[in-house]
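Structure file run.tsv (TSV, C-alpha atoms (C1' of nucleotides)) follows.
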```
chain	number	residue	atom	x	y	z
A	1	MET	CA	49.79	28.64	-3.15
A	2	GLU	CA	52.86	30.05	-4.85
A	3	LEU	CA	52.58	33.26	-6.83
A	4	ALA	CA	53.87	31.47	-9.94
A	5	GLU	CA	51.26	28.75	-9.58
A	6	ALA	CA	48.53	31.29	-8.95
A	7	LYS	CA	49.50	33.23	-12.09
A	8	GLN	CA	49.34	29.99	-14.05
A	9	LYS	CA	45.86	29.25	-12.73
A	10	PHE	CA	44.67	32.73	-13.53
A	11	ILE	CA	45.97	32.47	-17.10
A	12	GLU	CA	44.27	29.12	-17.56
A	13	ALA	CA	40.97	30.28	-16.13
A	14	TRP	CA	40.97	33.42	-18.24
A	15	GLY	CA	41.77	31.40	-21.34
A	16	LYS	CA	38.93	29.01	-20.69
A	17	LEU	CA	36.42	31.75	-20.00
A	18	GLY	CA	37.51	33.55	-23.15
A	19	SER	CA	37.07	30.50	-25.34
A	20	GLU	CA	33.60	29.93	-23.91
A	21	TRP	CA	32.70	33.45	-24.99
A	22	GLY	CA	34.05	33.27	-28.51
A	23	ILE	CA	37.46	34.74	-27.79
A	24	ASN	CA	40.54	32.87	-28.91
A	25	ARG	CA	42.03	31.00	-25.98
A	26	THR	CA	45.57	32.16	-26.67
A	27	MET	CA	44.48	35.75	-26.98
A	28	ALA	CA	42.80	35.59	-23.59
A	29	GLN	CA	45.90	33.97	-22.11
A	30	VAL	CA	48.28	36.57	-23.46
A	31	HIS	CA	45.97	39.23	-22.09
A	32	ALA	CA	45.89	37.48	-18.72
A	33	LEU	CA	49.66	37.26	-18.64
A	34	LEU	CA	50.02	40.97	-19.32
A	35	LEU	CA	47.35	41.75	-16.74
A	36	VAL	CA	49.29	40.14	-13.92
A	37	THR	CA	52.67	41.48	-15.01
A	38	PRO	CA	53.68	44.91	-13.70
A	39	GLU	CA	56.07	45.79	-16.48
A	40	ALA	CA	55.72	45.64	-20.25
A	41	LEU	CA	56.92	42.43	-21.93
A	42	THR	CA	58.60	41.68	-25.23
A	43	THR	CA	57.26	39.25	-27.82
A	44	GLU	CA	60.14	36.98	-26.87
A	45	GLU	CA	59.16	36.92	-23.20
A	46	ILE	CA	55.52	36.22	-24.02
A	47	MET	CA	56.44	33.38	-26.37
A	48	GLU	CA	58.66	31.88	-23.72
A	49	SER	CA	56.20	32.33	-20.90
A	50	LEU	CA	53.23	30.75	-22.67
A	51	SER	CA	55.13	28.38	-24.97
A	52	ILE	CA	53.70	29.77	-28.16
A	53	SER	CA	55.32	30.50	-31.50
A	54	ARG	CA	56.55	33.85	-32.72
A	55	GLY	CA	53.85	34.06	-35.38
A	56	ASN	CA	51.12	33.27	-32.92
A	57	ALA	CA	52.41	35.81	-30.42
A	58	ASN	CA	52.66	38.47	-33.07
A	59	MET	CA	49.13	37.94	-34.42
A	60	THR	CA	47.63	37.69	-30.97
A	61	LEU	CA	49.27	40.91	-29.83
A	62	ARG	CA	48.05	42.65	-32.94
A	63	ASP	CA	44.51	41.46	-32.21
A	64	LEU	CA	44.73	42.58	-28.60
A	65	MET	CA	45.81	46.02	-29.75
A	66	GLY	CA	42.89	46.00	-32.18
A	67	TRP	CA	40.61	45.40	-29.22
A	68	GLY	CA	42.22	48.31	-27.43
A	69	LEU	CA	43.31	46.11	-24.54
A	70	VAL	CA	47.07	46.20	-25.05
A	71	GLU	CA	49.48	48.82	-26.25
A	72	LYS	CA	52.99	48.97	-27.57
A	73	GLN	CA	55.67	50.70	-25.60
A	74	HIS	CA	59.11	51.71	-26.76
A	75	LYS	CA	61.97	51.95	-24.34
A	76	PRO	CA	64.44	54.70	-25.24
A	77	GLY	CA	67.58	53.36	-26.86
A	78	GLU	CA	66.00	49.94	-27.59
A	79	ARG	CA	64.83	48.43	-30.84
A	80	LYS	CA	62.53	45.89	-29.23
A	81	GLU	CA	58.83	46.51	-28.78
A	82	TYR	CA	57.28	46.06	-25.38
A	83	PHE	CA	53.63	45.26	-24.75
A	84	TYR	CA	51.59	46.50	-21.87
A	85	ALA	CA	47.99	45.88	-20.78
A	86	ASP	CA	45.74	48.45	-19.15
A	87	LYS	CA	44.90	47.01	-15.76
A	88	ASP	CA	41.77	49.02	-14.99
A	89	THR	CA	39.00	46.45	-14.87
A	90	TRP	CA	36.32	48.93	-15.76
A	91	ASN	CA	38.24	50.07	-18.83
A	92	ILE	CA	38.67	46.47	-19.92
A	93	ALA	CA	34.98	45.72	-19.56
A	94	ARG	CA	34.05	48.86	-21.44
A	95	GLN	CA	36.53	48.18	-24.20
A	96	VAL	CA	35.27	44.63	-24.71
A	97	ALA	CA	31.64	45.75	-24.65
A	98	LYS	CA	32.41	48.49	-27.14
A	99	GLU	CA	34.16	46.22	-29.60
A	100	ARG	CA	31.63	43.41	-29.43
A	101	ARG	CA	28.82	45.86	-29.90
A	102	LYS	CA	30.44	47.27	-33.00
A	103	ARG	CA	31.46	43.91	-34.45
A	104	GLU	CA	28.48	41.77	-33.57
A	105	LEU	CA	25.47	43.54	-32.15
A	106	ASP	CA	25.25	46.39	-34.63
A	107	PRO	CA	25.32	44.15	-37.74
A	108	VAL	CA	22.58	41.99	-36.27
A	109	ILE	CA	20.40	44.99	-35.53
A	110	LYS	CA	20.81	46.09	-39.13
A	111	ILE	CA	19.51	42.73	-40.35
A	112	LEU	CA	16.67	42.70	-37.82
A	113	ASP	CA	15.61	46.17	-39.00
A	114	GLU	CA	15.32	44.83	-42.52
A	115	LEU	CA	13.50	41.70	-41.50
A	116	SER	CA	11.06	43.72	-39.39
A	117	LYS	CA	9.91	45.44	-42.56
A	118	VAL	CA	8.94	42.24	-44.36
A	119	GLN	CA	5.26	42.39	-45.27
A	120	GLY	CA	2.88	39.45	-45.33
A	121	ASP	CA	-0.59	38.06	-44.95
A	122	VAL	CA	-1.89	39.03	-41.51
A	123	SER	CA	-4.12	35.97	-41.35
A	124	ASP	CA	-1.13	33.67	-41.90
A	125	PRO	CA	0.17	32.29	-38.58
A	126	ALA	CA	3.58	31.64	-40.13
A	127	TYR	CA	3.86	35.30	-40.99
A	128	ASN	CA	2.55	36.45	-37.64
A	129	THR	CA	4.94	34.33	-35.64
A	130	PHE	CA	7.88	35.42	-37.77
A	131	ASN	CA	6.96	39.06	-37.49
A	132	ARG	CA	6.35	39.03	-33.79
A	133	THR	CA	9.52	37.15	-32.99
A	134	VAL	CA	11.69	39.35	-35.17
A	135	THR	CA	10.29	42.63	-33.92
A	136	ASP	CA	10.52	41.48	-30.30
A	137	ILE	CA	14.14	40.46	-30.65
A	138	ASN	CA	14.82	43.68	-32.47
A	139	LYS	CA	13.39	45.66	-29.58
A	140	LEU	CA	15.48	43.75	-27.07
A	141	ALA	CA	18.62	44.19	-29.16
A	142	LYS	CA	18.01	47.91	-29.43
A	143	ASN	CA	17.49	48.20	-25.71
A	144	VAL	CA	20.76	46.43	-25.08
A	145	ASP	CA	22.43	48.65	-27.64
A	146	LYS	CA	21.16	51.81	-26.02
A	147	THR	CA	22.09	50.58	-22.56
A	148	LEU	CA	25.62	49.79	-23.71
A	149	ASP	CA	25.87	53.16	-25.34
A	150	THR	CA	25.10	54.93	-22.09
A	151	MET	CA	27.28	52.58	-20.11
A	152	LEU	CA	30.23	53.25	-22.39
A	153	LYS	CA	30.00	56.92	-21.68
A	154	ALA	CA	29.56	56.46	-17.96
A	155	GLU	CA	32.01	56.74	-15.16
A	156	GLU	CA	32.52	53.61	-13.16
A	157	SER	CA	31.42	54.90	-9.81
A	158	TRP	CA	28.35	56.47	-11.27
A	159	PHE	CA	27.43	53.29	-13.07
A	160	TRP	CA	27.79	50.90	-10.19
A	161	GLY	CA	26.17	53.34	-7.84
A	162	SER	CA	23.10	53.41	-10.04
A	163	ILE	CA	22.99	49.69	-10.57
A	164	VAL	CA	23.23	49.01	-6.89
A	165	LYS	CA	20.41	51.41	-6.23
A	166	ILE	CA	18.09	49.63	-8.64
A	167	PHE	CA	18.96	46.08	-7.80
A	168	LYS	CA	18.40	46.28	-4.12
B	1	MET	CA	11.32	40.05	-49.52
B	2	GLU	CA	9.52	36.71	-49.36
B	3	LEU	CA	8.65	35.25	-45.98
B	4	ALA	CA	10.65	32.12	-46.82
B	5	GLU	CA	13.71	34.17	-47.70
B	6	ALA	CA	13.32	36.29	-44.59
B	7	LYS	CA	13.14	33.19	-42.41
B	8	GLN	CA	16.29	31.93	-44.05
B	9	LYS	CA	18.10	35.18	-43.34
B	10	PHE	CA	16.96	35.20	-39.76
B	11	ILE	CA	18.20	31.64	-39.23
B	12	GLU	CA	21.56	32.51	-40.76
B	13	ALA	CA	21.96	35.69	-38.73
B	14	TRP	CA	21.04	33.93	-35.51
B	15	GLY	CA	23.46	31.11	-36.27
B	16	LYS	CA	26.27	33.54	-36.90
B	17	LEU	CA	25.60	35.56	-33.77
B	18	GLY	CA	25.44	32.37	-31.75
B	19	SER	CA	28.77	31.11	-33.02
B	20	GLU	CA	30.38	34.45	-32.23
B	21	TRP	CA	29.21	34.06	-28.66
B	22	GLY	CA	30.35	30.50	-28.13
B	23	ILE	CA	27.08	28.81	-29.00
B	24	ASN	CA	27.10	26.05	-31.55
B	25	ARG	CA	25.95	27.41	-34.92
B	26	THR	CA	23.54	24.55	-35.55
B	27	MET	CA	22.03	24.89	-32.12
B	28	ALA	CA	21.35	28.56	-32.72
B	29	GLN	CA	19.87	27.78	-36.11
B	30	VAL	CA	17.53	25.11	-34.81
B	31	HIS	CA	16.44	27.53	-32.13
B	32	ALA	CA	15.88	30.25	-34.73
B	33	LEU	CA	13.82	27.89	-36.88
B	34	LEU	CA	11.60	26.99	-33.95
B	35	LEU	CA	11.29	30.65	-32.98
B	36	VAL	CA	9.77	31.63	-36.31
B	37	THR	CA	7.55	28.57	-36.58
B	38	PRO	CA	4.11	28.81	-34.99
B	39	GLU	CA	3.60	25.11	-34.47
B	40	ALA	CA	5.84	22.45	-32.93
B	41	LEU	CA	8.05	20.52	-35.35
B	42	THR	CA	9.25	16.92	-35.52
B	43	THR	CA	12.90	15.91	-35.68
B	44	GLU	CA	12.21	14.88	-39.26
B	45	GLU	CA	10.96	18.33	-40.22
B	46	ILE	CA	13.91	20.05	-38.59
B	47	MET	CA	16.40	17.76	-40.32
B	48	GLU	CA	14.73	18.45	-43.63
B	49	SER	CA	14.41	22.15	-43.11
B	50	LEU	CA	18.04	22.76	-42.13
B	51	SER	CA	19.64	19.86	-44.02
B	52	ILE	CA	21.19	18.27	-40.98
B	53	SER	CA	21.48	14.65	-39.95
B	54	ARG	CA	19.27	12.81	-37.53
B	55	GLY	CA	22.03	12.48	-34.97
B	56	ASN	CA	22.85	16.15	-35.13
B	57	ALA	CA	19.21	17.15	-34.82
B	58	ASN	CA	18.72	14.85	-31.87
B	59	MET	CA	21.76	16.10	-29.96
B	60	THR	CA	21.03	19.71	-30.70
B	61	LEU	CA	17.44	19.41	-29.53
B	62	ARG	CA	18.60	17.73	-26.38
B	63	ASP	CA	21.02	20.61	-25.73
B	64	LEU	CA	18.32	23.19	-26.39
B	65	MET	CA	16.10	21.48	-23.88
B	66	GLY	CA	19.02	21.50	-21.45
B	67	TRP	CA	19.20	25.26	-21.90
B	68	GLY	CA	15.48	25.47	-21.19
B	69	LEU	CA	14.79	27.07	-24.55
B	70	VAL	CA	12.86	24.26	-26.21
B	71	GLU	CA	10.42	21.69	-24.97
B	72	LYS	CA	8.99	18.42	-26.15
B	73	GLN	CA	5.35	18.15	-26.98
B	74	HIS	CA	3.31	15.04	-27.53
B	75	LYS	CA	0.28	15.07	-29.75
B	76	PRO	CA	-2.42	12.69	-28.57
B	77	GLY	CA	-2.51	9.48	-30.54
B	78	GLU	CA	0.93	10.05	-32.08
B	79	ARG	CA	4.24	8.38	-31.36
B	80	LYS	CA	6.36	11.19	-32.76
B	81	GLU	CA	7.85	13.88	-30.55
B	82	TYR	CA	7.29	17.48	-31.42
B	83	PHE	CA	9.57	20.35	-30.41
B	84	TYR	CA	8.44	23.79	-29.51
B	85	ALA	CA	10.35	26.98	-28.58
B	86	ASP	CA	9.15	29.54	-26.08
B	87	LYS	CA	8.83	32.75	-28.06
B	88	ASP	CA	8.92	35.25	-25.22
B	89	THR	CA	12.09	37.24	-25.79
B	90	TRP	CA	12.48	38.16	-22.16
B	91	ASN	CA	12.24	34.52	-21.10
B	92	ILE	CA	14.85	33.57	-23.67
B	93	ALA	CA	17.26	36.24	-22.47
B	94	ARG	CA	16.74	35.25	-18.85
B	95	GLN	CA	17.18	31.59	-19.60
B	96	VAL	CA	20.44	32.16	-21.48
B	97	ALA	CA	21.76	34.49	-18.78
B	98	LYS	CA	20.85	31.97	-16.11
B	99	GLU	CA	22.57	29.05	-17.81
B	100	ARG	CA	25.72	30.91	-18.73
B	101	ARG	CA	26.02	32.24	-15.22
B	102	LYS	CA	25.76	28.78	-13.79
B	103	ARG	CA	28.07	27.16	-16.32
B	104	GLU	CA	30.71	29.83	-16.77
B	105	LEU	CA	30.56	32.79	-14.41
B	106	ASP	CA	30.13	30.88	-11.15
B	107	PRO	CA	33.12	28.55	-11.73
B	108	VAL	CA	35.32	31.53	-12.54
B	109	ILE	CA	34.26	33.35	-9.39
B	110	LYS	CA	35.18	30.29	-7.39
B	111	ILE	CA	38.69	30.33	-8.84
B	112	LEU	CA	39.04	34.09	-8.36
B	113	ASP	CA	38.04	33.72	-4.72
B	114	GLU	CA	40.87	31.26	-4.23
B	115	LEU	CA	43.38	33.35	-6.10
B	116	SER	CA	42.41	36.43	-4.10
B	117	LYS	CA	43.59	34.67	-0.99
B	118	VAL	CA	47.13	34.05	-2.24
B	119	GLN	CA	49.57	35.73	0.11
B	120	GLY	CA	52.83	37.32	-0.90
B	121	ASP	CA	55.51	39.90	-0.35
B	122	VAL	CA	53.86	43.32	-0.28
B	123	SER	CA	57.02	45.00	-1.53
B	124	ASP	CA	57.09	42.75	-4.60
B	125	PRO	CA	55.54	44.53	-7.62
B	126	ALA	CA	54.82	41.17	-9.26
B	127	TYR	CA	52.73	40.16	-6.26
B	128	ASN	CA	51.03	43.53	-6.01
B	129	THR	CA	50.00	43.61	-9.63
B	130	PHE	CA	48.72	40.05	-9.47
B	131	ASN	CA	46.78	40.69	-6.32
B	132	ARG	CA	45.24	43.94	-7.45
B	133	THR	CA	44.22	42.59	-10.85
B	134	VAL	CA	42.69	39.44	-9.42
B	135	THR	CA	40.75	41.16	-6.66
B	136	ASP	CA	39.50	43.84	-9.05
B	137	ILE	CA	38.25	41.30	-11.55
B	138	ASN	CA	36.74	39.32	-8.72
B	139	LYS	CA	34.82	42.37	-7.58
B	140	LEU	CA	33.54	43.04	-11.09
B	141	ALA	CA	32.54	39.42	-11.54
B	142	LYS	CA	30.64	39.43	-8.27
B	143	ASN	CA	28.86	42.62	-9.20
B	144	VAL	CA	27.78	41.08	-12.48
B	145	ASP	CA	26.73	37.96	-10.64
B	146	LYS	CA	24.62	39.87	-8.18
B	147	THR	CA	23.08	41.98	-10.93
B	148	LEU	CA	22.16	38.87	-12.90
B	149	ASP	CA	20.69	37.31	-9.83
B	150	THR	CA	18.34	40.20	-9.30
B	151	MET	CA	17.58	40.45	-12.99
B	152	LEU	CA	16.63	36.80	-13.15
B	153	LYS	CA	14.05	37.30	-10.47
B	154	ALA	CA	12.67	40.43	-12.03
B	155	GLU	CA	9.64	40.94	-14.16
B	156	GLU	CA	10.23	42.26	-17.63
B	157	SER	CA	8.27	45.45	-17.37
B	158	TRP	CA	9.79	46.31	-14.03
B	159	PHE	CA	13.26	45.69	-15.33
B	160	TRP	CA	13.09	47.72	-18.49
B	161	GLY	CA	11.20	50.46	-16.74
B	162	SER	CA	14.02	50.81	-14.25
B	163	ILE	CA	16.76	50.63	-16.83
B	164	VAL	CA	15.14	53.28	-18.96
B	165	LYS	CA	14.88	55.53	-15.94
B	166	ILE	CA	18.57	55.27	-15.17
B	167	PHE	CA	19.95	55.46	-18.65
B	168	LYS	CA	18.18	58.57	-19.65
C	1	DT	C1'	75.26	50.10	-48.54
C	2	DT	C1'	75.44	46.43	-45.50
C	3	DG	C1'	73.97	43.40	-42.12
C	4	DA	C1'	72.25	42.68	-37.53
C	5	DA	C1'	68.09	43.10	-34.91
C	6	DC	C1'	63.79	42.87	-34.96
C	7	DT	C1'	58.73	42.24	-36.95
C	8	DT	C1'	55.39	40.41	-40.12
C	9	DT	C1'	53.38	37.09	-43.19
C	10	DC	C1'	51.17	32.96	-44.63
C	11	DA	C1'	51.05	28.13	-46.47
C	12	DA	C1'	51.24	23.94	-44.23
C	13	DA	C1'	50.39	21.17	-40.12
C	14	DA	C1'	48.16	20.38	-35.93
C	15	DT	C1'	44.33	20.59	-33.13
C	16	DA	C1'	39.68	21.16	-31.80
C	17	DT	C1'	34.90	21.04	-32.87
C	18	DA	C1'	30.86	19.58	-35.29
C	19	DT	C1'	28.42	16.24	-38.14
C	20	DT	C1'	27.12	11.99	-40.07
C	21	DG	C1'	24.63	7.71	-40.40
C	22	DA	C1'	24.01	3.16	-39.42
C	23	DA	C1'	23.39	0.22	-35.55
C	24	DA	C1'	21.54	-0.31	-31.08
C	25	DG	C1'	18.01	0.93	-28.00
C	26	DT	C1'	13.26	1.95	-26.62
C	27	DT	C1'	8.32	2.13	-26.71
C	28	DT	C1'	3.85	0.78	-27.95
C	29	DA	C1'	0.01	-1.57	-30.38
C	30	DT	C1'	-1.49	-5.86	-31.50
D	1	DA	C1'	6.14	-12.15	-28.02
D	2	DT	C1'	6.67	-9.54	-32.18
D	3	DA	C1'	7.53	-5.93	-35.11
D	4	DA	C1'	6.83	-1.34	-36.62
D	5	DA	C1'	7.73	3.35	-35.30
D	6	DC	C1'	10.45	6.07	-33.38
D	7	DT	C1'	14.79	7.85	-30.58
D	8	DT	C1'	19.51	7.66	-29.08
D	9	DT	C1'	24.35	6.63	-29.38
D	10	DC	C1'	28.97	7.05	-30.89
D	11	DA	C1'	33.03	5.82	-33.84
D	12	DA	C1'	34.32	7.55	-38.01
D	13	DT	C1'	34.52	11.52	-40.92
D	14	DA	C1'	34.39	16.17	-42.19
D	15	DT	C1'	34.96	20.91	-41.23
D	16	DA	C1'	36.71	24.91	-38.95
D	17	DT	C1'	40.00	27.07	-36.20
D	18	DT	C1'	44.45	27.70	-34.38
D	19	DT	C1'	49.33	27.34	-34.46
D	20	DT	C1'	53.73	26.86	-36.36
D	21	DG	C1'	58.08	28.35	-38.26
D	22	DA	C1'	60.79	29.61	-41.85
D	23	DA	C1'	61.11	33.10	-45.24
D	24	DA	C1'	60.30	37.76	-46.45
D	25	DG	C1'	60.05	42.35	-44.88
D	26	DT	C1'	61.52	46.40	-42.19
D	27	DT	C1'	64.42	49.48	-39.62
D	28	DC	C1'	68.49	51.42	-38.17
D	29	DA	C1'	73.40	52.02	-36.78
D	30	DA	C1'	77.76	52.06	-38.58
```
Encoded form (structure tokens):
Amino acid sequence: MELAEAKQKFIEAWGKLGSEWGINRTMAQVHALLLVTPEALTTEEIMESLSISRGNANMTLRDLMGWGLVEKQHKPGERKEYFYADKDTWNIARQVAKERRKRELDPVIKILDELSKVQGDVSDPAYNTFNRTVTDINKLAKNVDKTLDTMLKAEESWFWGSIVKIFK
Amino acid sequence: MELAEAKQKFIEAWGKLGSEWGINRTMAQVHALLLVTPEALTTEEIMESLSISRGNANMTLRDLMGWGLVEKQHKPGERKEYFYADKDTWNIARQVAKERRKRELDPVIKILDELSKVQGDVSDPAYNTFNRTVTDINKLAKNVDKTLDTMLKAEESWFWGSIVKIFK
DNA sequence: TTGAACTTTCAAAATATATTGAAAGTTTAT
DNA sequence: ATAAACTTTCAATATATTTTGAAAGTTCAA
């Protein structure tokens, strides 16, 4: 397989996986492109390479920076902005986990906390089922939250070392 | 807060979380409804309760059964089908992890394996960056895969006990 | 200042995804 | 064999999301 073809396949696969996990396909593709490119790219080059419009490229790059996955670079003596992706897989995973926790998990936990407090008739099965389900999910969510918290602070080697020890 | 209102909020929150994670909003809502309902419900009742059409309810229930989250029940002497959701949070989490692994992670690993094999000029930075990125992601993906595999076989208490020990 | 080089915005258009509902299909009791 | 009770299908429709591209905005060198 040619390198060019392989890059293409990687970008496609990453885009598909992203869209299955609630991440805009284009955003995942731009990220993939930057991941397999050694040097920083301009908006122009990204547009060209993925056949997307200027507006789309601009918004997507802004989002990627918001996720902490891509950063702007300025080359001395040039007006153009260059974009570069961190290529450390562990950093990427941490960054994504961090953002999704903040944006999605935390708000849900807040709601579950509220719903756990709802009072009702203990002899009512409808109430009992509701209460048990909500408090159980709340517990799980908080466990995940705490686990992520520790993971985000951890060093890669330490983390995988520990995981491997447990799951053996 | 009233129980009815609380149920409503739970269904909404679950639907939103689902859609953020690539799961059809209605599917998540039907699941949520069944989770907070002690007894099994008919298609009719679900349609009514969530204001969705018969076709939508039917397809969604079929999908939920495909995910192993909901099952049909038959009441003796009745023609109607009743639908019931397993309420064990750990089972739900395992089931979702299992299905997503099969449907999304495994296919990606297959592609990454192929792409890892691509040969190229070692003095070419484009090739080096591609190769390093792909093999790194492949390693991460396989670690996740292996971890899920073990987790899926694990008992709840054992699992959380271990996790708590490590992340302490 | 001016204008060239570049970036950002956002309403409109395109695309993708989800939903409807009526017709077709199936099952079962009689 | 019939028909009532129920389930499934799927083309048409509706909704949600993504993308475009041209215009407006910004920056900077001369």
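Our summary of the geometry notes that CA of Phe83 in chain A is positioned 25.9 Å from CA of Val108 in chain B.
Selecting chain D residues within 12 Å of chain B and counting all atoms listed in the file yields D:DA4, D:DA5, D:DC6, D:DT7, D:DT8, D:DT9, D:DC10, D:DA16.
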Next item on the list: Could you please select, counting all atoms listed in the file, the residues of chain C within 10 Å of chain A and state them as a list of chain:residue names?
Entry: C:DA5, C:DC6, C:DT7, C:DT8, C:DT9, C:DC10
Give me, as a short mmCIF file (atom, residue, chain, number, x, y, z; two decimals) with C-alpha atoms, in the coordinates of the input, the contact residues of chain B against chain A at a cut-off of 7 Å, counting all atoms listed in the file.
```cif
data_model
loop_
_atom_site.label_atom_id
_atom_site.label_comp_id
_atom_site.auth_asym_id
_atom_site.auth_seq_id
_atom_site.Cartn_x
_atom_site.Cartn_y
_atom_site.Cartn_z
CA MET B 1 11.32 40.05 -49.52
CA LEU B 3 8.65 35.25 -45.98
CA ALA B 6 13.32 36.29 -44.59
CA ALA B 13 21.96 35.69 -38.73
CA LEU B 17 25.60 35.56 -33.77
CA GLU B 20 30.38 34.45 -32.23
CA TRP B 21 29.21 34.06 -28.66
CA GLY B 22 30.35 30.50 -28.13
CA LEU B 35 11.29 30.65 -32.98
CA VAL B 36 9.77 31.63 -36.31
CA THR B 37 7.55 28.57 -36.58
CA PRO B 38 4.11 28.81 -34.99
CA LYS B 87 8.83 32.75 -28.06
CA THR B 89 12.09 37.24 -25.79
CA GLU B 104 30.71 29.83 -16.77
CA VAL B 108 35.32 31.53 -12.54
CA LEU B 115 43.38 33.35 -6.10
CA VAL B 118 47.13 34.05 -2.24
CA PRO B 125 55.54 44.53 -7.62
CA ALA B 126 54.82 41.17 -9.26
CA TYR B 127 52.73 40.16 -6.26
CA THR B 129 50.00 43.61 -9.63
CA PHE B 130 48.72 40.05 -9.47
CA THR B 133 44.22 42.59 -10.85
CA ASP B 136 39.50 43.84 -9.05
CA ILE B 137 38.25 41.30 -11.55
CA THR B 147 23.08 41.98 -10.93
CA THR B 150 18.34 40.20 -9.30
CA PHE B 167 19.95 55.46 -18.65
#
```
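Atom pair C1' of DA14 in chain C / CA of Ser53 in chain A has a distance of 13.2 Å (rounded to one decimal).
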Next item on the list: Enter the distance from CA of Asp145 in chain A to CA of Gly68 in chain A, in Å, rounded to one decimal.
Entry: 19.8 Å
Next item on the list: Find the residues near DA12 in chain D: any atom within 12 Å, counting only C-alpha atoms (C1' of nucleotides), skip ones fewer than 6 places away on the same chain, and give them as a list of chain:residue names.
Entry: C:DT19, C:DT20, C:DG21, C:DA22
Show me, as AutoDock Vina command-line options, the centre and edge lengths in Å to one decimal of the axis-aligned box that covers every listed atom of range 1-19 of chain C with 8 Å on each side.
```
--center_x 51.9 --center_y 33.2 --center_z -40.2 --size_x 63.0 --size_y 49.9 --size_z 32.7
```
